[in-house]
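Colleague: This is the structure I want to talk about, given as structure tokens.
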Amino acid sequence: MISFEMPERIKNELQMAEMVARQVMRPNSRRYDEHEHERPVEYVNMMWQVLREQNKRRYEKMLSSDNGDRPEREGPNWSIVRLIALVETLSWGDAGMYLCTPDPLLGGAAIEAVGTKEQKVRFLKKFGEGDPKWGAMAITEPGAGSDNSAIRTTAVLDEETNEWVLNGEKIFITNGRLALEESDGVCVVWATVDPSAGRAGIKSFVVEPDTPGVSVSKQEHKLGIRVSDTVSLAFEDARVPYDNILGSPEVKERKSTKGFKGAMKTFDASRPAVAASAMGVARAAVEYTQEKLAEEGVEVDYTKPRHELSAYERDLIEMEARQKAGWLLTLKSTVKMAHGQSNRLEASMAKARAGETATFVTQKAVELLGPLGYSRELLPEKWMRDAKINDIYEGTKQINLLIVARSILGYTRRELK
Amino acid sequence: MLDFTLDEEQQMLDSTIKRFAEERLRKVYRDAEEDGVVPEDVVQAGWEIGVLPTGLPEAYGGFGEYSAVTGAIAMEQFAWGDLALTFNIMAPNLVAIPLVLSGTEEQKESYLPQFAGMKPPRMTAALIEPRIKFDPRALESTAVAEGGDYLLNGTKSMVPLADGAELLLVYAAENGQTQGFLVPGNAEGLTIGDREKVMGINALPLFRVEMESVRVPAANKLGGEEGLDFDRILNHSRVALGAAAVGVARAGYEYAREYAKQRVQFGEPIAHRQSIAFMLAEMAIDVESARLLVWETAWELDQGEDATRAATVMKYYIDDIVVDTADRAVQVLGGYGYIREYPVELWLRNARGFAHFDGLAII
């Protein structure tokens with residue numbers, strides 16, 4: 001039965017998240033934007049207190065079962081909806097700071113999805129104890145951006161020591177330094193065990209701090225989300241225990257891409273999250289622009305016919321409409337996932353549209369606010385810089401359109417390149 | 001709780017109308033459009049699906065509970081088949097829904113049971129006026145109280161099925177406020193003019209209606225002394241039009257998608273090219289997001305909320321989307337898109353009208 005009502009429990013949590021956004025994120029937004037790479041300690045410490053306890057309960061429950069999987073549930077998994085809604089609200093606060101949330105995040109999702117019980121104990125349990133920790137995911141390489149199958153980082157098994165030896169360079173890793181140098185975190189690294197096998201050879205490995213041969217080789221300076229840690233990692237004969245491989249080490253059939261597709265499934269979960277973050281920034285910009293213009297006496301009269309609307313009113317309505325549409329697409333892709341249904345198409349629809357929408361809406365905000373929109377005294381110029389990343393990472397808008405197009409046309413990547 | 005799936009009854013209604021749209025509307029829509037003639041048997045069959053009666057309260061001979069969301073689902077499927085025929089089929093709503101929303105008890109009792117029968121009553125509504133700066137909240141037609149009556153004056157435009165209508169719900173301004181008046185088709189001073197010629201929806205007969213001192217008793221004012229909640233009526237109309245626009249947009253998108261898979265140029269289907277495939281992907285996302293906005297507004301209405309803001313924002317978005325989508329459908333078909341043997345040119349003409357269809361449909 002069609003409904004747009006958020007569950008009460010999630011609504012309450014969103015209220016708390018909004019308080020964090022107002023009191024801890026917004027007042028510090030500008031400072032961390034101007035001091036790139038500084039750790040936003042106020043936000044990190046506050047979130048860690050909450051997340052540590054949540055993670056602890058979550059992993060205890062998960063690891064008490066025989067296989068380390070979460071118990072079968074009845075009905076939709078509302079925690080997925082909760083997460084996506086929280087991402088939206090925290091990004092409404094500050095999209096860069098949200099990315100610094102001390103949590104296993106993407107790396108954790110991969111371990112939870114395919115890890116053994118023993119792996120979950122080793123890599124995830126620590127996120128319920130001690131000091132703040134981060135999880136990261138290393139996929140992109142200088143020669144492998146949208147084309148993940150072009151990964152050249154190699155993993156070779158040293159049978160004598162029973163270790164995987166990793167060589168290569170990974171770039172654009174969110175929280176890579178926080179995960180490997182500044183905390184006892186984890187980083188999931190994609191590498192090929194057989195470069196001649198193409199997609200079938202690509203496997204993922206969990207790398208922990210103090211792994212010999214792993215180093216942070218560069219820290220990026222970015223257009224926006226400057227508080228977020230983005231690094232390159234160098235692997236020079238890096239030695240990783242055999243048991244750190246996620247999933248099977250076998251390169252089964254050369255033509256089989258099952259393992260690669262499994263890894264790509266992570267995106268079905270992460271794309272709604274990126275869309276949600278985009279829509280959080282977009283909502284911030286829409287609301288802020290409405291408030292500021294209202295102070296100038298410009299308010300939308302929703303009862304006017306279109307031809308009576310001023311240019312301001314038209315722009316404000318369009319911003320509001322597009323932000324709303326993007327958020328509803330995001331919610332739909334999320335609810336589908338919560339029901340355990342395939343959401344690949346919906347996730348890419350939401351991601352493609354949300355990234356574009358956040359870009360449009362924040363640019364409009366800067367425009368409508370005049371010289372003050374351009375000023376670093378106010379936040380919209382920052383939001384415009386922050387928003388743009390959502391049009392790029394977790395698959396550019398174009399890659400997501402390609403996925404949507406293939407899906408609606410029933411085409412493979414051979415038919416639609 | 002947050003859910004984007006139809007319930008069982010909605011699914012049944014959805015698939016029934018989908019089949020009707022494919023098997024009946026899509027068979028006759030082109031001739032109906034070219035000849036400007038309503039295929040009465042098809043409209044009757046559409047009425048018999050019973051969308052309106054199922055939404056009317058049992059106390060007035062209906063079968064259940066009113067839901068704008070369910071209405072939106074029905075509208076989209078009908079309009080996917082053909083917009084003009086949808087407006088024909090749903091025309092009785094133009095009187096029934098405002099009665100449900102704003103009618104007095106006496107008005108509901110005397111009129112609503114007429115909508116529960118096997119034949120649709122011949123009733124329509126007159127809102128639009130023939131001027132550039134038309135505003136449904138600031139009408140030029142007037143209603144002036146005189147004795148126990150109202151005197152109506154003004155010109156209405158694009159009044160569907162006005163010839164032969166037994167009753168018209170005429171909107172006019174009383175002291176600047178839009179009000180509705182139930183006017184018999186044979187009222188003195190009421191002249192049904194010539195059939196109007198418009199760019200699309202030619203299978204929907206539209207008429208100019210002149211009112212010269214048309215006198216109706218005060219009891220015929222919708223909602224009695226208190227009058228009507230016009231925002232609410234307009235919001236319900238916008239949900240209906242928004243849903244219909246989604247249907248038209250989806251028709252264009254689906255047709256272009258199938259065409260692009262079949263049309264071979266340079267040795268392969270044109271859908272193999274990103275320039276075409278991306279257009280289709282954008283169309284798919286537009287349709288999906290437009291539908292969600294319609295549903296959300298409809299849901300707000302069903303919750304009893306004042307959805308004026310949501311309805312305005314949704315309509316603004318969709319009026320653009322439906323034109324863009326229909327235009328891209330024509331573009332994907334290239335030269336064939338411009339030819340009247342193919343449906344997409346009609347969908348573009350119909351799509352362009354949504355910005356002007358206020359009051360032509362309501363759920």
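Ordered as shown in the structure tokens, chains take letters A, B, and onward, while each chain numbers its residues from 1 and ligands are numbered from 1 in the order shown.
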Tell me, counting only C-alpha atoms, for each residue of chain A within 9 Å of chain B, which pair of atoms is nearest and how far apart they are in Å to one decimal, in rows ordered by chain and increasing number, as JSON lines.
Modeller:
```
{"residue": "A:Met1", "atom": "CA", "partner": "B:Asp7", "partner_atom": "CA", "distance": 4.6}
{"residue": "A:Ile2", "atom": "CA", "partner": "B:Phe4", "partner_atom": "CA", "distance": 4.9}
{"residue": "A:Ser3", "atom": "CA", "partner": "B:Leu2", "partner_atom": "CA", "distance": 4.9}
{"residue": "A:Phe4", "atom": "CA", "partner": "B:Leu2", "partner_atom": "CA", "distance": 4.8}
{"residue": "A:Glu5", "atom": "CA", "partner": "B:Leu2", "partner_atom": "CA", "distance": 5.0}
{"residue": "A:Met6", "atom": "CA", "partner": "B:Leu2", "partner_atom": "CA", "distance": 5.6}
{"residue": "A:Pro7", "atom": "CA", "partner": "B:Met1", "partner_atom": "CA", "distance": 5.8}
{"residue": "A:Glu8", "atom": "CA", "partner": "B:Met1", "partner_atom": "CA", "distance": 8.9}
{"residue": "A:Asp301", "atom": "CA", "partner": "B:Arg309", "partner_atom": "CA", "distance": 8.9}
{"residue": "A:Tyr302", "atom": "CA", "partner": "B:Arg309", "partner_atom": "CA", "distance": 5.6}
{"residue": "A:Thr303", "atom": "CA", "partner": "B:Thr308", "partner_atom": "CA", "distance": 7.4}
{"residue": "A:Lys304", "atom": "CA", "partner": "B:Asp135", "partner_atom": "CA", "distance": 7.7}
{"residue": "A:Pro305", "atom": "CA", "partner": "B:Asp135", "partner_atom": "CA", "distance": 6.0}
{"residue": "A:Arg306", "atom": "CA", "partner": "B:Tyr316", "partner_atom": "CA", "distance": 7.8}
{"residue": "A:His307", "atom": "CA", "partner": "B:Lys133", "partner_atom": "CA", "distance": 7.1}
{"residue": "A:Glu308", "atom": "CA", "partner": "B:Lys133", "partner_atom": "CA", "distance": 8.2}
{"residue": "A:Arg314", "atom": "CA", "partner": "B:Tyr316", "partner_atom": "CA", "distance": 8.9}
{"residue": "A:Ile317", "atom": "CA", "partner": "B:Val313", "partner_atom": "CA", "distance": 6.0}
{"residue": "A:Glu318", "atom": "CA", "partner": "B:Tyr317", "partner_atom": "CA", "distance": 6.9}
{"residue": "A:Glu320", "atom": "CA", "partner": "B:Val313", "partner_atom": "CA", "distance": 7.2}
{"residue": "A:Ala321", "atom": "CA", "partner": "B:Val313", "partner_atom": "CA", "distance": 5.5}
{"residue": "A:Arg322", "atom": "CA", "partner": "B:Tyr317", "partner_atom": "CA", "distance": 7.6}
{"residue": "A:Lys324", "atom": "CA", "partner": "B:Leu293", "partner_atom": "CA", "distance": 7.7}
{"residue": "A:Ala325", "atom": "CA", "partner": "B:Ser289", "partner_atom": "CA", "distance": 5.4}
{"residue": "A:Gly326", "atom": "CA", "partner": "B:Ser289", "partner_atom": "CA", "distance": 7.3}
{"residue": "A:Leu328", "atom": "CA", "partner": "B:Leu292", "partner_atom": "CA", "distance": 6.4}
{"residue": "A:Leu329", "atom": "CA", "partner": "B:Ser289", "partner_atom": "CA", "distance": 6.1}
{"residue": "A:Leu331", "atom": "CA", "partner": "B:Leu2", "partner_atom": "CA", "distance": 8.7}
{"residue": "A:Lys332", "atom": "CA", "partner": "B:Phe4", "partner_atom": "CA", "distance": 6.7}
{"residue": "A:Val335", "atom": "CA", "partner": "B:Asp3", "partner_atom": "CA", "distance": 7.1}
{"residue": "A:Lys336", "atom": "CA", "partner": "B:Phe4", "partner_atom": "CA", "distance": 8.5}
{"residue": "A:Glu346", "atom": "CA", "partner": "B:Ile285", "partner_atom": "CA", "distance": 8.9}
{"residue": "A:Met349", "atom": "CA", "partner": "B:Ile285", "partner_atom": "CA", "distance": 6.0}
{"residue": "A:Ala350", "atom": "CA", "partner": "B:Ile285", "partner_atom": "CA", "distance": 8.1}
{"residue": "A:Ala352", "atom": "CA", "partner": "B:Ile285", "partner_atom": "CA", "distance": 8.9}
{"residue": "A:Arg353", "atom": "CA", "partner": "B:Ile285", "partner_atom": "CA", "distance": 7.5}
{"residue": "A:Gln398", "atom": "CA", "partner": "B:Phe278", "partner_atom": "CA", "distance": 8.3}
{"residue": "A:Leu401", "atom": "CA", "partner": "B:Ala281", "partner_atom": "CA", "distance": 6.0}
{"residue": "A:Leu402", "atom": "CA", "partner": "B:Phe278", "partner_atom": "CA", "distance": 6.9}
{"residue": "A:Ile403", "atom": "CA", "partner": "B:Ala281", "partner_atom": "CA", "distance": 8.8}
{"residue": "A:Val404", "atom": "CA", "partner": "B:Ala281", "partner_atom": "CA", "distance": 5.7}
{"residue": "A:Ala405", "atom": "CA", "partner": "B:Ala281", "partner_atom": "CA", "distance": 4.9}
{"residue": "A:Arg406", "atom": "CA", "partner": "B:Ala277", "partner_atom": "CA", "distance": 8.0}
{"residue": "A:Ile408", "atom": "CA", "partner": "B:Ala281", "partner_atom": "CA", "distance": 7.5}
{"residue": "A:Leu409", "atom": "CA", "partner": "B:Arg257", "partner_atom": "CA", "distance": 7.2}
{"residue": "A:Tyr411", "atom": "CA", "partner": "B:His272", "partner_atom": "CA", "distance": 8.5}
{"residue": "A:Glu415", "atom": "CA", "partner": "B:His272", "partner_atom": "CA", "distance": 5.8}
{"residue": "A:Leu416", "atom": "CA", "partner": "B:His272", "partner_atom": "CA", "distance": 4.9}
{"residue": "A:Lys417", "atom": "CA", "partner": "B:His272", "partner_atom": "CA", "distance": 7.5}
```
Colleague: For the selection just defined, write its residues with N, CA and C atoms to a file, as a CSV table (one decimal), in the first residue's frame.
Modeller:
```csv
chain,number,residue,atom,x,y,z
A,1,MET,N,0.8,-1.2,0.0
A,1,MET,CA,0.0,0.0,0.0
A,1,MET,C,0.9,1.2,0.0
A,2,ILE,N,0.7,2.1,-1.0
A,2,ILE,CA,1.5,3.2,-1.2
A,2,ILE,C,1.5,4.2,0.0
A,3,SER,N,2.7,4.5,0.6
A,3,SER,CA,2.7,5.4,1.7
A,3,SER,C,4.0,6.2,1.7
A,4,PHE,N,4.0,7.4,2.1
A,4,PHE,CA,5.2,8.2,2.2
A,4,PHE,C,5.6,8.5,3.6
A,5,GLU,N,5.0,7.7,4.5
A,5,GLU,CA,5.2,8.0,6.0
A,5,GLU,C,6.5,7.2,6.4
A,6,MET,N,7.5,8.0,7.0
A,6,MET,CA,8.7,7.4,7.6
A,6,MET,C,8.3,6.7,8.9
A,7,PRO,N,8.8,5.5,9.2
A,7,PRO,CA,8.5,4.9,10.5
A,7,PRO,C,8.9,5.9,11.6
A,8,GLU,N,8.1,5.8,12.6
A,8,GLU,CA,8.2,6.7,13.8
A,8,GLU,C,9.6,6.7,14.4
A,301,ASP,N,4.7,32.2,-3.9
A,301,ASP,CA,3.2,32.1,-3.7
A,301,ASP,C,2.8,30.9,-4.5
A,302,TYR,N,2.5,29.8,-3.8
A,302,TYR,CA,2.2,28.5,-4.4
A,302,TYR,C,0.8,28.5,-5.0
A,303,THR,N,0.0,29.6,-4.8
A,303,THR,CA,-1.3,29.6,-5.4
A,303,THR,C,-1.3,30.4,-6.7
A,304,LYS,N,-0.2,31.0,-7.1
A,304,LYS,CA,-0.2,31.7,-8.4
A,304,LYS,C,-0.2,30.8,-9.6
A,305,PRO,N,-0.8,31.2,-10.7
A,305,PRO,CA,-0.6,30.4,-11.9
A,305,PRO,C,0.8,30.7,-12.4
A,306,ARG,N,1.3,29.8,-13.2
A,306,ARG,CA,2.7,29.8,-13.7
A,306,ARG,C,3.1,31.2,-14.3
A,307,HIS,N,2.1,31.7,-15.1
A,307,HIS,CA,2.5,33.0,-15.8
A,307,HIS,C,2.6,34.2,-14.9
A,308,GLU,N,2.1,34.0,-13.6
A,308,GLU,CA,2.2,35.1,-12.7
A,308,GLU,C,3.4,35.0,-11.8
A,314,ARG,N,9.9,31.0,-9.9
A,314,ARG,CA,10.1,29.9,-10.8
A,314,ARG,C,11.3,29.1,-10.5
A,317,ILE,N,10.8,27.2,-7.2
A,317,ILE,CA,9.9,26.0,-7.4
A,317,ILE,C,10.6,24.9,-8.1
A,318,GLU,N,11.4,25.3,-9.1
A,318,GLU,CA,12.1,24.2,-9.8
A,318,GLU,C,13.1,23.5,-8.9
A,320,GLU,N,13.0,23.2,-5.7
A,320,GLU,CA,12.2,22.4,-4.8
A,320,GLU,C,11.7,21.1,-5.4
A,321,ALA,N,11.2,21.2,-6.6
A,321,ALA,CA,10.6,20.1,-7.3
A,321,ALA,C,11.7,19.1,-7.6
A,322,ARG,N,12.8,19.6,-8.1
A,322,ARG,CA,13.9,18.6,-8.5
A,322,ARG,C,14.5,17.9,-7.3
A,324,LYS,N,12.9,17.3,-4.5
A,324,LYS,CA,11.9,16.4,-4.0
A,324,LYS,C,11.9,15.1,-4.9
A,325,ALA,N,12.0,15.3,-6.2
A,325,ALA,CA,12.0,14.2,-7.1
A,325,ALA,C,13.2,13.3,-6.9
A,326,GLY,N,14.4,13.9,-6.7
A,326,GLY,CA,15.6,13.2,-6.5
A,326,GLY,C,15.5,12.4,-5.2
A,328,LEU,N,12.8,11.3,-3.7
A,328,LEU,CA,11.8,10.2,-3.8
A,328,LEU,C,12.4,9.0,-4.6
A,329,LEU,N,13.2,9.3,-5.7
A,329,LEU,CA,13.9,8.2,-6.4
A,329,LEU,C,14.8,7.5,-5.5
A,331,LEU,N,14.6,7.2,-2.2
A,331,LEU,CA,13.8,6.5,-1.2
A,331,LEU,C,13.3,5.2,-1.9
A,332,LYS,N,12.8,5.3,-3.1
A,332,LYS,CA,12.3,4.1,-3.7
A,332,LYS,C,13.4,3.0,-3.9
A,335,VAL,N,14.0,1.5,-0.4
A,335,VAL,CA,12.9,0.6,0.1
A,335,VAL,C,13.0,-0.7,-0.7
A,336,LYS,N,13.3,-0.7,-1.9
A,336,LYS,CA,13.4,-1.9,-2.7
A,336,LYS,C,14.5,-2.8,-2.1
A,346,GLU,N,16.9,0.9,-10.1
A,346,GLU,CA,16.5,2.1,-9.3
A,346,GLU,C,17.7,2.8,-8.7
A,349,MET,N,19.2,4.9,-11.4
A,349,MET,CA,18.3,6.0,-11.7
A,349,MET,C,18.5,7.1,-10.6
A,350,ALA,N,18.4,6.7,-9.4
A,350,ALA,CA,18.5,7.7,-8.3
A,350,ALA,C,19.8,8.4,-8.3
A,352,ALA,N,22.1,8.7,-10.8
A,352,ALA,CA,22.2,9.6,-11.9
A,352,ALA,C,21.5,10.9,-11.7
A,353,ARG,N,20.3,10.8,-11.3
A,353,ARG,CA,19.4,12.0,-11.2
A,353,ARG,C,19.8,12.9,-9.9
A,398,GLN,N,27.1,9.6,-16.1
A,398,GLN,CA,27.1,8.9,-17.4
A,398,GLN,C,27.1,7.4,-17.3
A,401,LEU,N,23.8,6.4,-16.2
A,401,LEU,CA,22.8,6.4,-17.3
A,401,LEU,C,23.0,5.2,-18.2
A,402,LEU,N,24.3,4.8,-18.4
A,402,LEU,CA,24.6,3.6,-19.2
A,402,LEU,C,23.9,2.4,-18.6
A,403,ILE,N,24.0,2.3,-17.2
A,403,ILE,CA,23.4,1.1,-16.6
A,403,ILE,C,21.9,1.1,-16.7
A,404,VAL,N,21.3,2.3,-16.6
A,404,VAL,CA,19.9,2.5,-16.7
A,404,VAL,C,19.5,2.1,-18.2
A,405,ALA,N,20.3,2.6,-19.1
A,405,ALA,CA,19.9,2.4,-20.5
A,405,ALA,C,20.0,0.9,-20.9
A,406,ARG,N,21.1,0.2,-20.4
A,406,ARG,CA,21.2,-1.2,-20.7
A,406,ARG,C,20.1,-2.0,-20.1
A,408,ILE,N,16.9,-0.9,-19.3
A,408,ILE,CA,15.6,-0.7,-19.9
A,408,ILE,C,15.6,-1.3,-21.3
A,409,LEU,N,16.7,-1.3,-22.0
A,409,LEU,CA,16.8,-1.9,-23.3
A,409,LEU,C,17.0,-3.4,-23.4
A,411,TYR,N,20.0,-4.7,-22.9
A,411,TYR,CA,21.2,-4.8,-23.6
A,411,TYR,C,22.4,-5.2,-22.7
A,415,GLU,N,26.3,-4.7,-26.6
A,415,GLU,CA,25.4,-4.1,-27.5
A,415,GLU,C,25.4,-2.6,-27.3
A,416,LEU,N,25.5,-2.2,-26.0
A,416,LEU,CA,25.5,-0.7,-25.7
A,416,LEU,C,26.8,-0.4,-24.9
A,417,LYS,N,27.8,0.1,-25.7
A,417,LYS,CA,29.1,0.3,-25.1
A,417,LYS,C,29.1,1.6,-24.2
```
Colleague: For segment 58-67 of chain A, find every residue with an atom within 6 Å (counting only C-alpha atoms), except residues of its own chain fewer than 3 positions away, and show them as a ChimeraX atom specification.
Modeller: /A:55,70,117
Colleague: With N, CA and C atoms retained, could you export that selection as a CSV table (one decimal), in the first residue's frame?
Modeller:
```
chain,number,residue,atom,x,y,z
A,55,ASN,N,27.5,-0.5,16.9
A,55,ASN,CA,28.3,-1.6,16.3
A,55,ASN,C,28.5,-2.8,17.2
A,70,ARG,N,23.7,-12.4,9.9
A,70,ARG,CA,22.6,-11.9,10.7
A,70,ARG,C,21.4,-12.8,10.6
A,117,LYS,N,32.6,-16.0,9.1
A,117,LYS,CA,32.5,-15.5,10.5
A,117,LYS,C,33.8,-15.1,11.1
```
Colleague: Show which residues sit within 9 Å of segment 163-176 of chain A, as a ChimeraX atom specification. Count only C-alpha atoms, and ignore same-chain residues fewer than 2 positions away.
Modeller: /A:99-100,134-142,152-161,178-181,186-187,189-191,205,213-214,216-220,228-245
Colleague: For segment 172-178 of chain B, list every protein, DNA or RNA residue within 6 Å, evaluated using only C-alpha atoms, and leave out those in the same chain fewer than 5 positions away; present the list as a ChimeraX atom specification.
Modeller: /B:137,139,141-143
Colleague: Which residues are near segment 382-396 of chain A? Cut-off 8 Å, only C-alpha atoms, ignore same chain within fewer than 6 positions. Put them as number ranges by chain.
Modeller: A: 33, 95-96, 146, 223-225, 267, 270-271, 274-275, 277-278, 281-282, 285, 351-352, 354-356, 358-359, 362-363, 366, 376
Colleague: To test your reading of the structure, identify every residue in segment 99-244 of chain B that backbone DSSP assigns to strand (DSSP E or B), and report it as a PyMOL selection string.
Modeller: chain B and resi 123-126+142-146+149-160+167-174+177-184+190-195+206-217+221
Colleague: To one decimal place, how far is atom CA of Gly224 of chain B from atom CA of Arg208 of chain B in Å?
Modeller: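 Computed distance, atom CA of Gly224 of chain B to atom CA of Arg208 of chain B, equals 26.8 Å.
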Colleague: Expressed in Å to a single decimal, how great is the separation between atom CA of Gly252 of chain B and atom CA of Asn93 of chain B?
Modeller: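 Interatomic distance, atom CA of Gly252 of chain B to atom CA of Asn93 of chain B: 26.1 Å.
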Colleague: Just list the residues in segment 254-291 of chain B DSSP gives helix (DSSP H, G or I) on the backbone, as a tab-separated table (two decimals) with N, CA and C atoms, in the first residue's frame.
Modeller:
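Output contents, as saved in out-v7.tsv:
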```
chain	number	residue	atom	x	y	z
B	254	GLU	N	7.96	4.59	-23.85
B	254	GLU	CA	7.95	3.17	-24.22
B	254	GLU	C	7.96	2.99	-25.74
B	255	TYR	N	7.21	3.83	-26.43
B	255	TYR	CA	7.16	3.71	-27.89
B	255	TYR	C	8.53	3.99	-28.49
B	256	ALA	N	9.17	5.05	-28.01
B	256	ALA	CA	10.49	5.41	-28.53
B	256	ALA	C	11.51	4.32	-28.23
B	257	ARG	N	11.40	3.75	-27.05
B	257	ARG	CA	12.35	2.68	-26.65
B	257	ARG	C	12.23	1.49	-27.59
B	258	GLU	N	10.99	1.04	-27.86
B	258	GLU	CA	10.82	-0.13	-28.73
B	258	GLU	C	11.23	0.21	-30.16
B	259	TYR	N	10.90	1.41	-30.59
B	259	TYR	CA	11.28	1.82	-31.94
B	259	TYR	C	12.81	1.82	-32.09
B	260	ALA	N	13.48	2.37	-31.10
B	260	ALA	CA	14.94	2.49	-31.19
B	260	ALA	C	15.63	1.13	-31.21
B	261	LYS	N	14.98	0.13	-30.67
B	261	LYS	CA	15.57	-1.21	-30.70
B	261	LYS	C	15.40	-1.87	-32.07
B	262	GLN	N	14.39	-1.38	-32.80
B	262	GLN	CA	14.12	-2.00	-34.08
B	262	GLN	C	14.69	-1.24	-35.27
B	270	ILE	N	19.50	1.75	-33.66
B	270	ILE	CA	19.97	3.07	-33.20
B	270	ILE	C	20.08	3.12	-31.67
B	271	ALA	N	19.38	2.20	-30.98
B	271	ALA	CA	19.48	2.16	-29.51
B	271	ALA	C	20.87	1.73	-29.04
B	272	HIS	N	21.70	1.20	-29.97
B	272	HIS	CA	23.07	0.85	-29.60
B	272	HIS	C	23.93	2.09	-29.37
B	274	GLN	N	24.86	5.69	-27.68
B	274	GLN	CA	24.60	6.38	-26.42
B	274	GLN	C	23.71	7.61	-26.58
B	275	SER	N	23.85	8.28	-27.74
B	275	SER	CA	23.05	9.50	-27.90
B	275	SER	C	21.56	9.18	-27.84
B	276	ILE	N	21.18	8.02	-28.34
B	276	ILE	CA	19.78	7.60	-28.27
B	276	ILE	C	19.49	6.94	-26.92
B	277	ALA	N	20.38	6.03	-26.52
B	277	ALA	CA	20.15	5.27	-25.30
B	277	ALA	C	20.06	6.18	-24.08
B	278	PHE	N	20.91	7.21	-24.04
B	278	PHE	CA	20.88	8.13	-22.89
B	278	PHE	C	19.60	8.95	-22.86
B	279	MET	N	19.11	9.31	-24.05
B	279	MET	CA	17.83	10.03	-24.11
B	279	MET	C	16.75	9.16	-23.49
B	280	LEU	N	16.77	7.88	-23.84
B	280	LEU	CA	15.76	6.96	-23.32
B	280	LEU	C	15.91	6.78	-21.81
B	281	ALA	N	17.16	6.71	-21.35
B	281	ALA	CA	17.40	6.55	-19.91
B	281	ALA	C	16.85	7.76	-19.15
B	282	GLU	N	17.11	8.95	-19.69
B	282	GLU	CA	16.60	10.16	-19.03
B	282	GLU	C	15.07	10.17	-19.02
B	283	MET	N	14.49	9.71	-20.13
B	283	MET	CA	13.03	9.66	-20.20
B	283	MET	C	12.49	8.71	-19.13
B	284	ALA	N	13.15	7.56	-18.99
B	284	ALA	CA	12.70	6.58	-17.99
B	284	ALA	C	12.76	7.17	-16.59
B	285	ILE	N	13.84	7.90	-16.29
B	285	ILE	CA	14.00	8.49	-14.96
B	285	ILE	C	12.96	9.60	-14.75
B	286	ASP	N	12.73	10.37	-15.80
B	286	ASP	CA	11.72	11.44	-15.71
B	286	ASP	C	10.35	10.86	-15.38
B	287	VAL	N	9.98	9.81	-16.08
B	287	VAL	CA	8.66	9.21	-15.87
B	287	VAL	C	8.55	8.68	-14.44
B	288	GLU	N	9.58	7.98	-14.02
B	288	GLU	CA	9.60	7.38	-12.68
B	288	GLU	C	9.48	8.47	-11.60
B	289	SER	N	10.28	9.52	-11.74
B	289	SER	CA	10.27	10.55	-10.70
B	289	SER	C	8.96	11.33	-10.73
B	290	ALA	N	8.41	11.54	-11.92
B	290	ALA	CA	7.14	12.26	-12.03
B	290	ALA	C	6.04	11.47	-11.33
B	291	ARG	N	6.03	10.17	-11.54
B	291	ARG	CA	5.00	9.33	-10.92
B	291	ARG	C	5.11	9.42	-9.39
```
Colleague: Could you produce a table of the residues of segment 197-280 of chain B lying within 12 Å of segment 22-43 of chain B, with the nearest pair of atoms per residue and their separation in Å rounded to one decimal, using only C-alpha atoms, ordered by chain and increasing residue number, as JSON lines?
Modeller:
```
{"residue": "B:Lys197", "atom": "CA", "partner": "B:Gly36", "partner_atom": "CA", "distance": 9.8}
{"residue": "B:Val198", "atom": "CA", "partner": "B:Gly36", "partner_atom": "CA", "distance": 10.8}
{"residue": "B:Met199", "atom": "CA", "partner": "B:Glu33", "partner_atom": "CA", "distance": 10.7}
{"residue": "B:Gly200", "atom": "CA", "partner": "B:Glu33", "partner_atom": "CA", "distance": 8.0}
{"residue": "B:Ile201", "atom": "CA", "partner": "B:Glu33", "partner_atom": "CA", "distance": 6.8}
{"residue": "B:Asn202", "atom": "CA", "partner": "B:Glu33", "partner_atom": "CA", "distance": 5.0}
{"residue": "B:Ala203", "atom": "CA", "partner": "B:Gly36", "partner_atom": "CA", "distance": 4.6}
{"residue": "B:Leu204", "atom": "CA", "partner": "B:Val38", "partner_atom": "CA", "distance": 6.9}
{"residue": "B:Pro205", "atom": "CA", "partner": "B:Gly36", "partner_atom": "CA", "distance": 7.4}
{"residue": "B:Leu206", "atom": "CA", "partner": "B:Gly36", "partner_atom": "CA", "distance": 10.4}
{"residue": "B:Ala251", "atom": "CA", "partner": "B:Arg26", "partner_atom": "CA", "distance": 10.7}
```
